Amino acid sequence: MSQGLFASQSAQLQEAFEALRNDLIHDDGPRISTMRNYRFAILQYSPQDEFKVRGEVQRLVQDLENSSWHVLTISLQKLLFDRVRNEGDEWVGRVIEMEKRMHGIGPDRGLNYLRDRVAPLIEGPDGIAADCSRIICEHAEQHPDQVDRTVALIGRAGALYPFFRSSSLLKHLDGRTMNVPARAALSGRAAR
């Protein structure tokens with residue numbers, strides 16, 4: 001029974017990428033949203049499909065580039081690591097030591113401590129969303145003639161769990177991409 005479920009999920013994943021591909025390379029341009037400044041699409045998938053998604057993203061990038069699109073790939077994991085590194089080795093060492101101590105008292109306390117230290121680095125309009133916006137806007141400013149044929153693919157969101165809700169990324173990117181469409185691939189389940 002589970003094989004059928006996995007095959008179904010795999011087929012849905014391929015269908016989702018095909019729909020995204022067709023939308024982006026449509027003759028009239030992306031139609032994902034009728035609002036010019038809110039050009040986002042979210043692809044949600046099961047964490048077990050991470051490597052399938054990466055393969056689909058690589059194929060999508062190749063197809064888009066073959067159709068004269070400029071593709072910005074943004075890794076939220078890299079942006080998180082950059083922000084942590086910017087805090088310095090001393091900060092990282094202190095946080096690790098305290099998290100270990102708190103975990104010794106109770107696993108939830110360790111995770112809560114870590115969440116309290118990492119979340120301020122990545123949340124809000126000046127967090128990870130600002131980094132994504134900066135990357136997209138720098139490209140748009142350097143290549144204004146390419147804006148209508150540029151798409152930003154944002155991935156590796158799983159690295160931010162449980163410190164960050166991916167929906168807030170799109171909320172804080174709204175209107176801050178110089179009309180470059182952004183697509184986010186998010187691992188996890190939909191809230192019900």
# chains A, B, ... in the order shown; residues from 1 in each chain; ligands from 1
>>> select_by_dssp(residues="segment 82-153 of chain A", states="strand (DSSP E)", output="list in words")
Thr150, Val151, Ala152 and Leu153 of chain A
>>> write_last_selection(atoms="C-alpha atoms", output="mmCIF file, in the first residue's frame")
data_model
loop_
_atom_site.group_PDB
_atom_site.id
_atom_site.type_symbol
_atom_site.label_atom_id
_atom_site.label_comp_id
_atom_site.auth_asym_id
_atom_site.auth_seq_id
_atom_site.Cartn_x
_atom_site.Cartn_y
_atom_site.Cartn_z
ATOM 1 C CA THR A 150 14.525 36.266 -14.231
ATOM 2 C CA VAL A 151 13.148 33.937 -11.593
ATOM 3 C CA ALA A 152 14.410 33.300 -8.068
ATOM 4 C CA LEU A 153 14.219 29.721 -6.832
#
>>> select_by_dssp(residues="chain A", states="helix (DSSP H, G or I)", output="VMD selection string")
chain A and resid 2 to 24 47 to 66 76 to 86 89 to 105 107 to 122 128 to 142 144 to 149 157 to 160 166 to 173
>>> write_last_selection(atoms="C-alpha atoms", output="short mmCIF file (atom, residue, chain, number, x, y, z; two decimals), in the first residue's frame")
data_model
loop_
_atom_site.label_atom_id
_atom_site.label_comp_id
_atom_site.auth_asym_id
_atom_site.auth_seq_id
_atom_site.Cartn_x
_atom_site.Cartn_y
_atom_site.Cartn_z
CA SER A 2 2.78 2.46 0.83
CA GLN A 3 4.40 1.93 -2.57
CA GLY A 4 1.25 3.25 -4.23
CA LEU A 5 1.28 6.27 -1.93
CA PHE A 6 4.93 7.02 -2.74
CA ALA A 7 4.31 6.57 -6.46
CA SER A 8 1.35 8.94 -6.18
CA GLN A 9 3.43 11.53 -4.31
CA SER A 10 6.21 11.20 -6.88
CA ALA A 11 3.73 11.71 -9.73
CA GLN A 12 2.26 14.74 -7.95
CA LEU A 13 5.74 16.17 -7.53
CA GLN A 14 6.47 15.76 -11.24
CA GLU A 15 3.09 17.29 -12.11
CA ALA A 16 3.79 20.26 -9.82
CA PHE A 17 7.16 20.92 -11.47
CA GLU A 18 5.66 20.52 -14.91
CA ALA A 19 2.94 23.07 -14.03
CA LEU A 20 5.58 25.45 -12.69
CA ARG A 21 7.75 24.95 -15.77
CA ASN A 22 4.79 25.60 -18.08
CA ASP A 23 3.80 28.70 -16.14
CA LEU A 24 7.27 30.20 -16.23
CA PRO A 47 10.90 15.60 3.48
CA GLN A 48 11.55 12.11 2.11
CA ASP A 49 11.36 13.60 -1.40
CA GLU A 50 14.23 16.06 -0.79
CA PHE A 51 16.58 14.50 -3.34
CA LYS A 52 13.82 14.09 -5.94
CA VAL A 53 12.99 17.77 -5.51
CA ARG A 54 16.65 18.73 -5.93
CA GLY A 55 16.76 16.73 -9.17
CA GLU A 56 13.55 18.37 -10.41
CA VAL A 57 14.95 21.80 -9.53
CA GLN A 58 18.12 21.07 -11.52
CA ARG A 59 16.03 20.02 -14.53
CA LEU A 60 13.82 23.09 -14.13
CA VAL A 61 16.84 25.40 -14.00
CA GLN A 62 18.27 23.80 -17.15
CA ASP A 63 14.93 24.07 -18.99
CA LEU A 64 14.49 27.70 -17.95
CA GLU A 65 18.03 28.63 -18.97
CA ASN A 66 17.47 26.88 -22.31
CA LEU A 76 18.20 29.39 2.85
CA GLN A 77 20.63 26.98 4.51
CA LYS A 78 23.60 28.99 3.22
CA LEU A 79 22.01 32.25 4.32
CA LEU A 80 21.43 30.81 7.81
CA PHE A 81 25.03 29.61 8.06
CA ASP A 82 26.29 33.01 6.86
CA ARG A 83 24.27 34.77 9.56
CA VAL A 84 25.51 32.42 12.28
CA ARG A 85 29.14 32.84 11.09
CA ASN A 86 28.69 36.62 11.18
CA ASP A 89 33.17 32.01 16.81
CA GLU A 90 32.83 33.18 20.40
CA TRP A 91 29.05 33.59 20.08
CA VAL A 92 28.73 30.19 18.38
CA GLY A 93 30.79 28.52 21.12
CA ARG A 94 28.71 30.11 23.90
CA VAL A 95 25.45 29.11 22.26
CA ILE A 96 26.61 25.51 21.75
CA GLU A 97 27.79 25.17 25.35
CA MET A 98 24.62 26.65 26.81
CA GLU A 99 22.41 24.52 24.54
CA LYS A 100 24.26 21.40 25.78
CA ARG A 101 23.72 22.44 29.40
CA MET A 102 20.07 23.20 28.83
CA HIS A 103 19.60 19.91 26.98
CA GLY A 104 21.07 18.15 30.01
CA ILE A 105 18.23 19.59 32.07
CA PRO A 107 15.75 18.25 25.60
CA ASP A 108 12.96 20.80 25.17
CA ARG A 109 14.89 23.36 27.20
CA GLY A 110 17.93 22.95 24.95
CA LEU A 111 15.86 23.37 21.80
CA ASN A 112 13.99 26.36 23.24
CA TYR A 113 17.28 28.02 24.18
CA LEU A 114 18.64 27.44 20.69
CA ARG A 115 15.42 28.73 19.13
CA ASP A 116 15.64 31.89 21.28
CA ARG A 117 19.18 32.55 20.03
CA VAL A 118 18.77 31.67 16.35
CA ALA A 119 15.28 33.05 15.63
CA PRO A 120 16.29 36.74 16.03
CA LEU A 121 18.98 36.22 13.39
CA ILE A 122 16.52 35.06 10.75
CA ILE A 128 16.52 35.88 5.96
CA ALA A 129 13.88 37.63 3.82
CA ALA A 130 16.14 40.70 3.63
CA ASP A 131 19.01 38.51 2.43
CA CYS A 132 16.80 37.00 -0.29
CA SER A 133 15.56 40.45 -1.28
CA ARG A 134 19.11 41.81 -1.41
CA ILE A 135 20.27 38.98 -3.72
CA ILE A 136 17.28 39.40 -6.03
CA CYS A 137 17.45 43.21 -6.09
CA GLU A 138 21.22 43.28 -6.68
CA HIS A 139 20.74 41.05 -9.71
CA ALA A 140 17.83 43.18 -10.94
CA GLU A 141 19.83 46.41 -10.52
CA GLN A 142 22.88 44.96 -12.28
CA PRO A 144 17.64 45.64 -15.51
CA ASP A 145 17.13 44.30 -19.02
CA GLN A 146 16.75 40.75 -17.59
CA VAL A 147 14.12 41.40 -14.88
CA ASP A 148 11.22 40.11 -16.98
CA ARG A 149 13.15 36.92 -17.73
CA ALA A 157 14.09 25.79 3.80
CA GLY A 158 14.28 22.65 5.94
CA ALA A 159 17.52 24.00 7.45
CA LEU A 160 15.51 26.74 9.15
CA SER A 166 8.58 29.65 5.71
CA SER A 167 5.32 31.53 5.21
CA SER A 168 6.90 34.54 6.91
CA LEU A 169 9.62 34.52 4.27
CA LEU A 170 7.09 35.23 1.54
CA LYS A 171 5.28 37.76 3.73
CA HIS A 172 8.50 39.73 4.20
CA LEU A 173 9.53 39.36 0.55
#
>>> closest_residue(among="A:Gly106, A:Gly155, A:Gly175, A:Gly88", to="Leu43 of chain A", atoms="only C-alpha atoms")
A:Gly155
>>> atom_distance(atom1="atom CA of Arg165 of chain A", atom2="atom CA of His70 of chain A")
27.5 Å
>>> atom_distance(atom1="atom CA of Arg156 of chain A", atom2="atom CA of Glu87 of chain A")
21.2 Å
